[in-house]
$ cat model_22.txt   # compact mmCIF, C-alpha atoms
# COMPACT_ATOMS: atom_id res chain seq x y z
CA MET A 1 8.41 18.60 -6.94
CA ARG A 2 7.12 15.11 -6.20
CA ARG A 3 4.11 16.50 -4.30
CA VAL A 4 3.13 18.55 -7.35
CA GLU A 5 3.70 15.57 -9.63
CA ILE A 6 1.43 13.52 -7.36
CA LEU A 7 -1.17 16.28 -7.15
CA LYS A 8 -1.31 16.54 -10.92
CA ALA A 9 -1.70 12.77 -11.24
CA ILE A 10 -4.56 12.93 -8.71
CA LEU A 11 -6.32 15.85 -10.39
CA ARG A 12 -6.05 14.12 -13.75
CA GLN A 13 -7.86 11.11 -12.34
CA VAL A 14 -10.71 12.94 -10.64
CA GLY A 15 -11.69 15.06 -13.62
CA ILE A 16 -9.94 18.28 -12.64
CA ASP A 17 -7.71 20.06 -15.19
CA GLU A 18 -4.15 19.51 -13.95
CA ASP A 19 -2.87 22.52 -15.90
CA ARG A 20 -4.60 24.82 -13.45
CA ILE A 21 -1.69 24.06 -11.10
CA TRP A 22 1.68 25.60 -11.90
CA LEU A 23 4.99 25.23 -10.10
CA ARG A 24 7.93 27.41 -11.12
CA TRP A 25 11.13 28.13 -9.26
CA ILE A 26 11.82 31.87 -9.30
CA ASP A 27 14.55 33.58 -7.32
CA ALA A 28 13.83 36.74 -5.31
CA SER A 29 16.08 38.62 -7.72
CA GLU A 30 14.08 37.53 -10.78
CA GLY A 31 11.25 40.06 -10.58
CA GLY A 32 10.82 40.22 -14.36
CA LEU A 33 10.53 36.46 -14.64
CA PHE A 34 7.97 36.41 -11.83
CA ARG A 35 5.86 39.07 -13.59
CA ASP A 36 6.05 37.28 -16.95
CA THR A 37 5.18 33.91 -15.39
CA VAL A 38 2.12 35.31 -13.61
CA ASN A 39 0.94 37.02 -16.80
CA GLU A 40 1.49 33.82 -18.75
CA MET A 41 -0.47 31.78 -16.21
CA VAL A 42 -3.36 34.25 -16.11
CA ALA A 43 -3.51 34.30 -19.91
CA GLU A 44 -3.59 30.50 -20.10
CA LEU A 45 -6.24 30.19 -17.41
CA ARG A 46 -8.41 32.75 -19.16
CA GLN A 47 -8.30 30.65 -22.32
CA LYS A 48 -9.77 27.72 -20.43
CA ASP A 49 -13.45 27.19 -19.71
CA PRO A 50 -14.72 28.83 -16.51
CA ASN A 51 -13.69 27.01 -13.36
CA PRO A 52 -16.40 24.35 -12.91
CA MET A 53 -16.12 24.72 -9.15
CA ARG A 54 -16.82 28.44 -9.24
CA LYS A 55 -20.45 27.85 -8.22
CA PRO A 56 -20.00 24.92 -5.82
CA TRP A 57 -23.52 24.98 -4.42
CA GLU A 58 -24.99 24.45 -7.88
CA MET A 59 -22.54 21.60 -8.44
CA TRP A 60 -23.55 19.88 -5.18
CA GLN A 61 -27.24 20.29 -5.99
CA GLU A 62 -26.78 18.41 -9.24
CA THR A 63 -25.08 15.37 -7.68
CA ALA A 64 -26.90 12.03 -7.65
CA GLY A 65 -25.02 10.93 -4.56
CA ILE A 66 -25.39 7.23 -5.07
CA TRP A 67 -22.43 6.27 -7.24
CA ARG A 68 -20.51 3.12 -6.54
CA PRO A 69 -18.87 0.73 -9.01
CA LYS A 70 -21.16 -2.02 -10.25
CA ALA A 71 -18.28 -4.51 -10.17
CA LEU A 72 -18.55 -4.45 -6.37
CA ASP A 73 -22.26 -5.24 -6.32
CA LEU A 74 -21.89 -8.92 -7.09
CA PRO A 75 -23.85 -11.21 -4.77
CA PRO A 76 -21.99 -12.87 -1.87
CA GLY A 77 -19.65 -15.63 -3.00
CA GLU A 78 -19.59 -14.37 -6.61
CA SER A 79 -16.45 -12.31 -6.34
CA GLU A 80 -14.12 -15.25 -5.89
CA MET B 1 17.60 -20.40 5.52
CA LYS B 2 13.84 -20.59 5.28
CA VAL B 3 12.05 -23.89 5.46
CA GLU B 4 8.46 -24.57 4.54
CA GLY B 5 5.96 -27.31 5.11
CA THR B 6 2.61 -27.91 6.76
CA LEU B 7 1.61 -27.80 10.40
CA LYS B 8 0.10 -30.89 11.91
CA THR B 9 -3.55 -29.95 12.58
CA ASP B 10 -5.35 -33.19 13.53
CA GLY B 11 -8.45 -31.66 11.97
CA ASP B 12 -8.46 -28.60 14.26
CA MET B 13 -6.72 -25.70 12.53
CA LEU B 14 -7.18 -23.05 15.20
CA THR B 15 -5.88 -25.26 18.01
CA ALA B 16 -2.80 -26.08 15.92
CA VAL B 17 -2.06 -22.41 15.36
CA ARG B 18 -2.80 -21.51 19.00
CA ASN B 19 -0.29 -24.18 20.05
CA LEU B 20 2.32 -22.61 17.76
CA LEU B 21 1.69 -19.15 19.24
CA THR B 22 1.87 -20.61 22.77
CA MET B 23 5.30 -22.06 21.94
CA LEU B 24 6.53 -18.66 20.76
CA LEU B 25 5.75 -17.21 24.20
CA LYS B 26 6.79 -20.25 26.25
CA GLN B 27 10.15 -20.57 24.48
CA ARG B 28 10.70 -16.82 25.06
CA ILE B 29 11.14 -16.29 21.34
CA VAL B 30 8.86 -13.33 21.93
CA ASP B 31 7.98 -11.58 25.22
CA PHE B 32 4.61 -10.36 23.99
CA LEU B 33 2.31 -11.35 21.20
CA LEU B 34 -0.18 -9.17 19.34
CA VAL B 35 -2.88 -11.43 17.95
CA PRO B 36 -6.58 -11.20 17.01
CA GLN B 37 -8.80 -12.90 19.58
CA GLU B 38 -12.52 -13.59 19.66
CA ILE B 39 -14.63 -11.46 21.97
CA SER B 40 -18.38 -11.14 22.58
CA HIS B 41 -18.88 -14.92 22.33
CA GLY B 42 -17.15 -15.01 18.95
CA ARG B 43 -19.26 -12.23 17.42
CA SER B 44 -16.18 -10.11 16.84
CA LEU B 45 -12.41 -10.21 17.04
CA VAL B 46 -9.94 -7.61 18.30
CA GLN B 47 -6.17 -7.40 18.45
CA THR B 48 -4.88 -8.39 21.90
CA LEU B 49 -1.44 -7.87 23.43
CA VAL B 50 -0.76 -11.14 25.24
CA LYS B 51 1.94 -11.89 27.79
CA ASP B 52 0.55 -15.05 29.36
CA PRO B 53 0.19 -17.92 26.85
CA THR B 54 -2.80 -19.31 28.75
CA HIS B 55 -4.71 -16.32 27.37
CA LEU B 56 -4.44 -17.48 23.79
CA ASP B 57 -7.47 -19.74 23.99
CA ARG B 58 -9.59 -17.55 21.71
CA ALA B 59 -6.80 -16.48 19.34
CA ASN B 60 -7.64 -16.59 15.66
CA PRO B 61 -4.76 -15.39 13.45
CA PHE B 62 -6.98 -15.81 10.39
CA SER B 63 -9.63 -13.42 11.75
CA PRO B 64 -12.36 -12.87 9.14
CA VAL B 65 -12.96 -9.35 10.46
CA MET B 66 -10.60 -6.42 10.64
CA PRO B 67 -11.96 -3.69 12.93
CA MET B 68 -8.84 -1.63 12.25
CA ASN B 69 -5.56 -1.89 10.38
CA SER B 70 -3.23 -3.26 13.06
CA ALA B 71 -0.20 -1.44 11.62
CA THR B 72 -1.50 1.51 13.66
CA ILE B 73 -1.23 -0.57 16.85
CA VAL B 74 2.23 -1.84 15.95
CA SER B 75 3.24 1.78 15.39
CA GLN B 76 2.00 2.64 18.91
CA LEU B 77 3.93 -0.30 20.36
CA THR B 78 7.22 0.13 18.52
CA ALA B 79 7.77 3.76 17.45
CA ASP B 80 9.70 4.52 20.67
CA LYS B 81 11.71 1.28 20.36
CA PRO B 82 10.72 -0.28 23.72
CA GLY B 83 13.37 -3.02 23.53
CA LYS B 84 10.86 -5.84 23.97
CA LYS B 85 10.68 -8.88 21.76
CA LEU B 86 7.27 -8.56 20.18
CA GLY B 87 5.49 -10.99 17.88
CA VAL B 88 2.73 -9.51 15.74
CA VAL B 89 0.14 -11.47 13.79
CA LEU B 90 -0.77 -9.41 10.75
CA LYS B 91 -2.64 -9.70 7.47
CA PRO B 92 -0.87 -8.79 4.21
CA CYS B 93 -2.35 -5.26 4.01
CA GLU B 94 -1.38 -4.67 7.64
CA ILE B 95 2.21 -5.69 6.92
CA ARG B 96 2.30 -3.42 3.88
CA ALA B 97 1.01 -0.51 5.98
CA LEU B 98 3.60 -1.32 8.66
CA ILE B 99 6.39 -1.21 6.08
CA GLU B 100 5.19 2.21 4.93
CA LEU B 101 4.95 3.47 8.53
CA THR B 102 8.46 2.16 9.22
CA LYS B 103 9.79 4.06 6.23
CA LEU B 104 7.96 7.15 7.47
CA GLY B 105 9.68 6.79 10.86
CA GLN B 106 6.42 5.91 12.63
CA ALA B 107 7.22 2.30 13.55
CA SER B 108 10.24 0.11 14.17
CA LEU B 109 10.88 -3.45 13.05
CA GLU B 110 13.64 -3.90 15.66
CA ASP B 111 12.98 -6.91 17.94
CA LEU B 112 9.84 -7.58 15.96
CA ILE B 113 8.77 -10.97 14.64
CA ILE B 114 6.10 -10.62 11.97
CA ILE B 115 3.75 -13.57 11.72
CA GLY B 116 2.01 -12.98 8.43
CA THR B 117 -1.13 -14.81 7.43
CA ASP B 118 -2.69 -15.51 4.07
CA CYS B 119 -5.78 -13.36 3.76
CA LEU B 120 -9.01 -14.98 2.71
CA GLY B 121 -10.75 -11.58 2.84
CA THR B 122 -12.59 -9.88 5.66
CA TYR B 123 -16.20 -8.95 6.41
CA GLU B 124 -17.70 -5.82 7.88
CA VAL B 125 -17.79 -6.15 11.67
CA GLU B 126 -21.59 -5.83 11.89
CA ASP B 127 -22.22 -8.37 9.07
CA TYR B 128 -19.96 -10.91 10.75
CA ALA B 129 -21.55 -10.38 14.18
CA LYS B 130 -25.01 -10.97 12.72
CA LEU B 131 -23.82 -14.11 10.95
CA ILE B 132 -22.37 -15.54 14.17
CA GLU B 133 -25.52 -14.65 16.09
CA GLU B 134 -27.67 -16.53 13.60
CA MET B 135 -25.41 -19.61 13.60
CA GLU B 136 -26.39 -22.54 15.75
CA GLY B 137 -23.90 -24.47 17.86
CA ALA B 138 -21.28 -23.78 20.50
CA ALA B 139 -19.77 -20.27 20.40
CA GLU B 140 -16.20 -21.56 20.66
CA GLU B 141 -16.62 -23.72 17.55
CA LYS B 142 -18.12 -21.08 15.28
CA GLY B 143 -14.76 -19.44 14.39
CA SER B 144 -13.34 -22.73 13.10
CA ARG B 145 -16.53 -23.56 11.21
CA ILE B 146 -16.56 -20.17 9.48
CA LEU B 147 -12.90 -20.54 8.57
CA ALA B 148 -13.54 -23.96 7.05
CA GLU B 149 -16.47 -22.59 5.02
CA ILE B 150 -14.41 -19.69 3.70
CA ARG B 151 -11.63 -22.08 2.67
CA GLN B 152 -14.13 -24.27 0.89
CA SER B 153 -15.56 -21.27 -0.97
CA ILE B 154 -12.13 -20.49 -2.40
CA ALA B 155 -11.91 -23.96 -3.87
CA ASN B 156 -15.55 -23.75 -5.06
CA PRO B 157 -16.33 -20.26 -6.43
CA GLY B 158 -19.93 -19.17 -6.04
CA THR B 159 -20.34 -20.89 -2.68
CA GLY B 160 -19.46 -19.51 0.72
CA LEU B 161 -20.93 -17.37 3.46
CA PRO B 162 -24.19 -15.48 2.88
CA ILE B 163 -22.44 -12.14 3.47
CA SER B 164 -20.16 -10.12 1.18
CA LEU B 165 -16.50 -9.42 1.70
CA ARG B 166 -15.58 -5.79 2.33
CA SER B 167 -15.15 -3.81 -0.91
CA ALA B 168 -11.39 -3.59 -0.39
CA CYS B 169 -11.08 -7.37 -0.04
CA ARG B 170 -13.21 -8.04 -3.12
CA MET B 171 -10.65 -6.26 -5.28
CA CYS B 172 -7.51 -7.17 -3.33
CA ASN B 173 -4.97 -9.25 -5.21
CA ALA B 174 -2.17 -8.98 -2.60
CA ILE B 175 -3.37 -11.96 -0.61
CA THR B 176 -0.13 -13.45 0.72
CA PRO B 177 2.06 -11.74 3.34
CA PRO B 178 5.18 -9.86 2.22
CA LEU B 179 8.34 -9.76 4.38
CA ALA B 180 6.96 -12.00 7.14
CA ASP B 181 9.33 -13.86 9.47
CA VAL B 182 6.74 -16.60 9.82
CA THR B 183 4.10 -17.16 7.15
CA LEU B 184 0.91 -19.02 8.02
CA GLY B 185 -0.99 -20.03 4.91
CA LEU B 186 -4.53 -21.18 4.30
CA PHE B 187 -4.41 -21.38 0.53
CA GLY B 188 -3.92 -24.93 -0.61
CA PRO B 189 -5.34 -28.23 0.64
CA GLU B 190 -8.20 -27.61 3.08
CA ASP B 191 -6.86 -29.91 5.79
CA GLU B 192 -3.46 -28.20 5.96
CA ILE B 193 -1.87 -25.03 7.26
CA PHE B 194 1.14 -23.93 5.30
CA ILE B 195 4.06 -22.56 7.28
CA SER B 196 7.31 -20.92 6.24
CA LEU B 197 9.99 -19.77 8.70
CA GLU B 198 13.73 -19.73 9.37
CA SER B 199 15.10 -23.22 9.98
CA ASP B 200 16.63 -22.33 13.37
CA LEU B 201 13.28 -20.96 14.55
CA ALA B 202 11.55 -24.15 13.39
CA GLN B 203 14.13 -26.10 15.39
CA LYS B 204 13.65 -23.98 18.54
CA LEU B 205 9.90 -24.52 18.29
CA GLY B 206 10.44 -28.24 17.80
CA LEU B 207 8.29 -28.20 14.68
CA GLU B 208 8.01 -31.33 12.62
CA LEU B 209 6.93 -30.08 9.24
CA LYS B 210 5.20 -32.31 6.77
CA GLU B 211 5.96 -31.88 3.11
CA THR B 212 3.75 -29.24 1.58
CA ARG B 213 1.44 -29.83 -1.32
CA ASP B 214 1.31 -27.21 -4.04
CA ARG B 215 -0.68 -24.12 -3.17
CA GLN B 216 0.52 -21.83 -5.95
CA GLU B 217 -2.28 -22.83 -8.29
CA VAL B 218 -4.98 -21.80 -5.79
CA ILE B 219 -3.21 -18.50 -5.11
CA ALA B 220 -2.78 -17.75 -8.82
CA GLU B 221 -6.46 -18.47 -9.49
CA LEU B 222 -7.68 -16.19 -6.71
CA ILE B 223 -5.29 -13.41 -7.76
CA LYS B 224 -6.63 -13.71 -11.28
CA SER B 225 -10.28 -13.35 -10.25
CA ARG B 226 -9.57 -10.53 -7.80
CA THR B 227 -7.49 -8.70 -10.42
CA ALA B 228 -10.41 -8.95 -12.83
CA VAL B 229 -12.73 -7.29 -10.28
CA ARG B 230 -10.07 -4.70 -9.52
CA GLU B 231 -9.59 -3.77 -13.17
CA GLN B 232 -13.34 -3.57 -13.70
CA VAL B 233 -13.69 -1.24 -10.69
CA PHE B 234 -10.83 0.97 -11.89
CA SER B 235 -12.28 1.07 -15.38
CA GLU B 236 -15.70 2.15 -14.03
CA PHE B 237 -13.97 4.80 -11.94
CA ARG B 238 -12.03 6.17 -14.92
CA ASP B 239 -15.19 6.29 -17.03
CA LYS B 240 -17.05 8.07 -14.27
CA MET B 241 -14.51 10.79 -13.43
CA ALA B 242 -14.76 13.19 -16.35
CA THR B 243 -15.41 16.44 -14.48
CA PRO B 244 -15.08 17.76 -10.91
CA ALA B 245 -18.86 17.33 -10.61
CA ASP B 246 -18.35 13.57 -11.00
CA PHE B 247 -15.84 13.58 -8.16
CA ALA B 248 -18.34 15.58 -6.08
CA ASP B 249 -21.01 13.03 -6.97
CA ALA B 250 -18.97 10.20 -5.43
CA LEU B 251 -18.50 12.28 -2.25
CA ALA B 252 -21.91 13.93 -2.17
CA THR B 253 -23.01 12.85 1.29
CA CYS B 254 -19.66 13.38 3.04
CA THR B 255 -19.94 15.32 6.29
CA ARG B 256 -16.16 15.65 6.82
CA CYS B 257 -16.47 13.67 10.04
CA TYR B 258 -12.82 12.52 9.81
CA ALA B 259 -13.74 8.86 10.37
CA CYS B 260 -11.86 7.90 7.18
CA GLN B 261 -8.81 9.82 8.28
CA SER B 262 -8.86 8.33 11.80
CA ALA B 263 -9.14 4.81 10.41
CA CYS B 264 -6.37 5.23 7.82
CA PRO B 265 -3.12 3.56 8.93
CA ILE B 266 -1.05 5.82 6.69
CA CYS B 267 -2.60 9.10 7.97
CA TYR B 268 -0.30 9.39 10.97
CA CYS B 269 -0.10 13.13 11.74
CA ARG B 270 -1.00 13.74 15.38
CA VAL B 271 -2.73 16.99 14.49
CA CYS B 272 -4.35 16.97 11.10
CA PHE B 273 -4.06 20.11 9.01
CA PHE B 274 -7.83 19.92 8.56
CA GLN B 275 -8.39 20.14 12.28
CA THR B 276 -6.40 23.34 12.65
CA GLU B 277 -7.80 26.89 12.62
CA THR B 278 -7.37 27.11 8.85
CA PHE B 279 -10.39 24.88 8.42
CA ALA B 280 -12.32 26.14 11.42
CA PRO B 281 -12.26 29.88 10.83
CA GLU B 282 -14.30 32.46 12.71
CA SER B 283 -18.02 32.48 11.85
CA GLU B 284 -17.80 35.77 10.00
CA ARG B 285 -15.86 34.11 7.21
CA TYR B 286 -18.65 31.58 6.54
CA PHE B 287 -21.21 34.39 6.32
CA ARG B 288 -18.95 36.24 3.89
CA TRP B 289 -18.56 33.13 1.71
CA ALA B 290 -22.32 32.49 1.76
CA GLU B 291 -22.92 36.08 0.71
CA ARG B 292 -20.48 35.72 -2.16
CA GLU B 293 -21.78 32.32 -3.32
CA ASP B 294 -25.49 32.90 -2.42
CA ALA B 295 -25.51 29.48 -0.74
CA LEU B 296 -22.72 27.57 0.95
CA ARG B 297 -22.62 23.83 1.48
CA MET B 298 -21.83 23.04 5.12
CA PRO B 299 -19.44 21.73 6.24
CA THR B 300 -17.24 23.39 3.66
CA GLU B 301 -14.20 22.12 1.74
CA ILE B 302 -15.37 18.54 1.19
CA LEU B 303 -13.48 18.15 -2.09
CA LEU B 304 -10.40 19.89 -0.73
CA PHE B 305 -10.37 17.57 2.28
CA HIS B 306 -10.38 14.42 0.14
CA LEU B 307 -7.96 15.89 -2.42
CA THR B 308 -5.55 16.76 0.39
CA ARG B 309 -5.86 13.29 1.90
CA LEU B 310 -5.23 11.80 -1.51
CA ASN B 311 -2.20 14.02 -1.97
CA HIS B 312 -0.81 12.97 1.40
CA ILE B 313 -1.33 9.23 1.18
CA ALA B 314 -1.92 8.17 -2.46
CA ALA B 315 1.68 7.01 -2.90
CA SER B 316 1.52 4.85 0.24
CA CYS B 317 -2.13 3.72 0.17
CA VAL B 318 -2.11 -0.05 0.70
CA GLY B 319 -5.78 -0.48 -0.17
CA CYS B 320 -6.91 -1.87 3.18
CA GLY B 321 -10.26 -0.09 2.83
CA MET B 322 -10.48 0.91 6.48
CA CYS B 323 -11.60 4.37 5.29
CA GLU B 324 -14.71 2.96 3.63
CA SER B 325 -15.49 0.60 6.50
CA ALA B 326 -15.35 3.56 8.91
CA CYS B 327 -17.45 5.88 6.74
CA PRO B 328 -20.94 6.38 8.23
CA HIS B 329 -22.28 7.33 4.78
CA ASP B 330 -20.91 4.35 2.83
CA LEU B 331 -18.95 6.54 0.44
CA PRO B 332 -16.97 4.53 -2.14
CA LEU B 333 -13.69 5.59 -0.57
CA THR B 334 -11.87 2.32 -1.25
CA THR B 335 -12.54 2.71 -4.95
CA ILE B 336 -11.47 6.36 -4.99
CA PHE B 337 -8.30 5.87 -2.95
CA GLU B 338 -7.31 2.58 -4.59
CA ALA B 339 -7.95 3.74 -8.14
CA VAL B 340 -6.24 7.10 -7.71
CA GLY B 341 -3.50 5.52 -5.60
CA ASP B 342 -2.86 2.92 -8.30
CA GLY B 343 -2.50 5.68 -10.91
CA VAL B 344 -0.11 7.68 -8.73
CA GLN B 345 1.94 4.63 -7.76
CA LYS B 346 2.30 3.56 -11.39
CA ALA B 347 3.29 7.11 -12.40
CA LEU B 348 6.00 7.07 -9.72
CA ASP B 349 6.96 3.43 -10.27
CA TYR B 350 6.37 2.75 -6.59
CA GLU B 351 4.54 -0.10 -4.88
CA PRO B 352 3.71 0.58 -1.22
CA GLY B 353 4.69 -2.13 1.23
CA ARG B 354 6.73 -4.09 -1.28
CA SER B 355 10.08 -3.59 0.41
CA LEU B 356 11.89 -1.54 3.02
CA GLU B 357 14.49 -0.48 0.48
CA ASP B 358 12.22 1.34 -2.01
CA GLU B 359 12.12 4.96 -0.87
CA ILE B 360 8.72 6.60 -0.51
CA PRO B 361 8.64 9.05 -3.44
CA THR B 362 7.51 11.98 -1.30
CA ALA B 363 10.29 11.36 1.22
CA ALA B 364 13.11 10.87 -1.28
CA PHE B 365 15.11 13.74 -2.73
CA LYS B 366 16.39 13.20 -6.22
CA GLU B 367 18.22 15.68 -8.42
CA THR B 368 16.61 15.87 -11.82
CA GLY B 369 19.59 17.49 -13.50
CA THR B 370 17.60 20.41 -14.91

$ encode --input "model_22.txt" --output "structure tokens"
Amino acid sequence: MRRVEILKAILRQVGIDEDRIWLRWIDASEGGLFRDTVNEMVAELRQKDPNPMRKPWEMWQETAGIWRPKALDLPPGESE
Amino acid sequence: MKVEGTLKTDGDMLTAVRNLLTMLLKQRIVDFLLVPQEISHGRSLVQTLVKDPTHLDRANPFSPVMPMNSATIVSQLTADKPGKKLGVVLKPCEIRALIELTKLGQASLEDLIIIGTDCLGTYEVEDYAKLIEEMEGAAEEKGSRILAEIRQSIANPGTGLPISLRSACRMCNAITPPLADVTLGLFGPEDEIFISLESDLAQKLGLELKETRDRQEVIAELIKSRTAVREQVFSEFRDKMATPADFADALATCTRCYACQSACPICYCRVCFFQTETFAPESERYFRWAEREDALRMPTEILLFHLTRLNHIAASCVGCGMCESACPHDLPLTTIFEAVGDGVQKALDYEPGRSLEDEIPTAAFKETGT
């Protein structure tokens, strides 16, 4: 549970939709619940925009690749 | 009961501290001592495991460089509980990492005396080496001169060495050692070294402590300025990370070389999941992926690698910035791991390295009642 909680907190902070991750506890005897949960998840995902990482090469091509926070670019001695 | 005061320095801080360390070994308070010592004519410093006190002549507990987080070394030396009395000289972020490793069962504090130092910040190894090279004067005096200049720069903002602190240190506001048995402090009056330790240990060492002058004001001021940088960095990070493409942008030149993972004190698995067959499949699979995607970035799974590392260590990340220092591509890993780690830690109400009692959220089982 905690791992999923942490993962969602991470995804939230790096611009990835946390609701694309689901965790449900379903017993082996709960076949109906499993089916309904999968259908529900698929339906919700379909309502979302297409997965932005579906075409990863295009995403990488568009990166600037030089980002770093300006707050760290102060001259020596200025940060204290 | 703890007592505090100032060490007598007679104008030579490093000699005063070396004498204290010598006493720890001579009085058999510890059998071995792990302490940073100058090498390469002072151009760098490395942790050294010392048995013979005559080999403490180049020790510098306030080392302005940090080639690695020494919690990893303490883990190597203590995980199997060797039954030796070991003294370890550590910076605050190293102690915090050690506390996390102890809670993860990767280190032991048994028979360990932690000598924690105030941290004035550290420089990249290559920057510091160049600075020392360009300095005139005797090699053995340069360490003390640098230390004095750094102390002066804290009292006079805007002055200081012509090189920048590591990114992690620029935004670090945890500058005094937590849970140390002996604290050695540099914040406060420039001619003094603050010390705090148990009264019986002070007695065994025959220390005559002078009354200490207030150092809290200096500490509070530095924490304030570092916190301001930290918040600005986090704010820039939050503004930047709107889509997965922004995350990819920050990691664009990553080659998944594992340097960040190797340097991380919290990443302790002997075999990393990313170095198993799952992430080194047979060649056919790459060709299949390239066919499906038209073009495939190599090596693959850059985002997944960093997301997995974040998921494994975000709760325990102590912000030492070793990942960024080790990165051959200068990726802003300190910012990513600190900012995300801060968010995760706040969400879980957990502060890594604060105490041995707080359970690591991922290791603790709690019933939610649902």

$ residues_around --input "model_22.txt" --residues "Leu186 (chain B)" --least-positions-apart "3" --cutoff "7 Å" --atoms "only C-alpha atoms" --output "list in words"
Asp118, Ile193 and Phe194 of chain B

$ write_last_selection --input "model_22.txt" --atoms "C-alpha atoms" --output "compact mmCIF listing (two decimals), in the coordinates of the input"
# COMPACT_ATOMS: atom_id res chain seq x y z
CA ASP B 118 -2.69 -15.51 4.07
CA ILE B 193 -1.87 -25.03 7.26
CA PHE B 194 1.14 -23.93 5.30

$ residues_around --input "model_22.txt" --residues "region 4-11 of chain A" --least-positions-apart "5" --cutoff "7 Å" --atoms "only C-alpha atoms" --output "list of chain:residue names"
A:Ile16, A:Asp17, A:Glu18, B:Asn311, B:Val340, B:Val344

$ residues_around --input "model_22.txt" --residues "Cys317 (chain B)" --least-positions-apart "3" --cutoff "7 Å" --atoms "only C-alpha atoms" --output "PyMOL selection string"
chain B and resi 266+313-314+341+352

$ write_last_selection --input "model_22.txt" --atoms "C-alpha atoms" --output "PDB file, keeping the file's coordinate frame"
ATOM      1  CA  ILE B 266      -1.050   5.820   6.690  1.00  0.00           C
ATOM      2  CA  ILE B 313      -1.330   9.230   1.180  1.00  0.00           C
ATOM      3  CA  ALA B 314      -1.920   8.170  -2.460  1.00  0.00           C
ATOM      4  CA  GLY B 341      -3.500   5.520  -5.600  1.00  0.00           C
ATOM      5  CA  PRO B 352       3.710   0.580  -1.220  1.00  0.00           C
TER       6      PRO B 352
END

$ residues_around --input "model_22.txt" --residues "Arg24 (chain A)" --least-positions-apart "3" --cutoff "10 Å" --atoms "only C-alpha atoms" --output "ChimeraX atom specification"
/A:1,27,34,37

$ closest_atom_pairs --input "model_22.txt" --of "chain A" --to "chain B" --cutoff "8 Å" --atoms "only C-alpha atoms" --output "tab-separated table"
residue	atom	partner	partner_atom	distance
A:Arg2	CA	B:Thr362	CA	5.8
A:Arg3	CA	B:Thr362	CA	6.4
A:Ile6	CA	B:Val344	CA	6.2
A:Leu7	CA	B:Asn311	CA	5.7
A:Ala9	CA	B:Val344	CA	5.9
A:Ile10	CA	B:Val340	CA	6.1
A:Gln13	CA	B:Val340	CA	6.3
A:Val14	CA	B:Met241	CA	5.2
A:Gly15	CA	B:Thr243	CA	4.1
A:Ile16	CA	B:Pro244	CA	5.4
A:Pro52	CA	B:Pro244	CA	7.0
A:Met53	CA	B:Pro244	CA	7.3
A:Lys55	CA	B:Glu293	CA	6.8
A:Pro56	CA	B:Leu296	CA	7.8
A:Trp57	CA	B:Leu296	CA	6.0
A:Met59	CA	B:Ala245	CA	6.0
A:Trp60	CA	B:Ala248	CA	6.8
A:Thr63	CA	B:Asp249	CA	4.7
A:Ala64	CA	B:Asp249	CA	6.0
A:Gly65	CA	B:Ala252	CA	4.9
A:Ile66	CA	B:Ala250	CA	7.1
A:Trp67	CA	B:Ala250	CA	5.5
A:Arg68	CA	B:Pro332	CA	5.8
A:Pro69	CA	B:Val233	CA	5.8
A:Lys70	CA	B:Val233	CA	7.5
A:Ala71	CA	B:Val233	CA	5.7
A:Leu72	CA	B:Ser167	CA	6.5
A:Pro75	CA	B:Ser164	CA	7.1
A:Pro76	CA	B:Ser164	CA	4.5
A:Gly77	CA	B:Gly158	CA	4.7
A:Glu78	CA	B:Gly158	CA	4.8
A:Ser79	CA	B:Arg170	CA	6.3
A:Glu80	CA	B:Pro157	CA	5.5
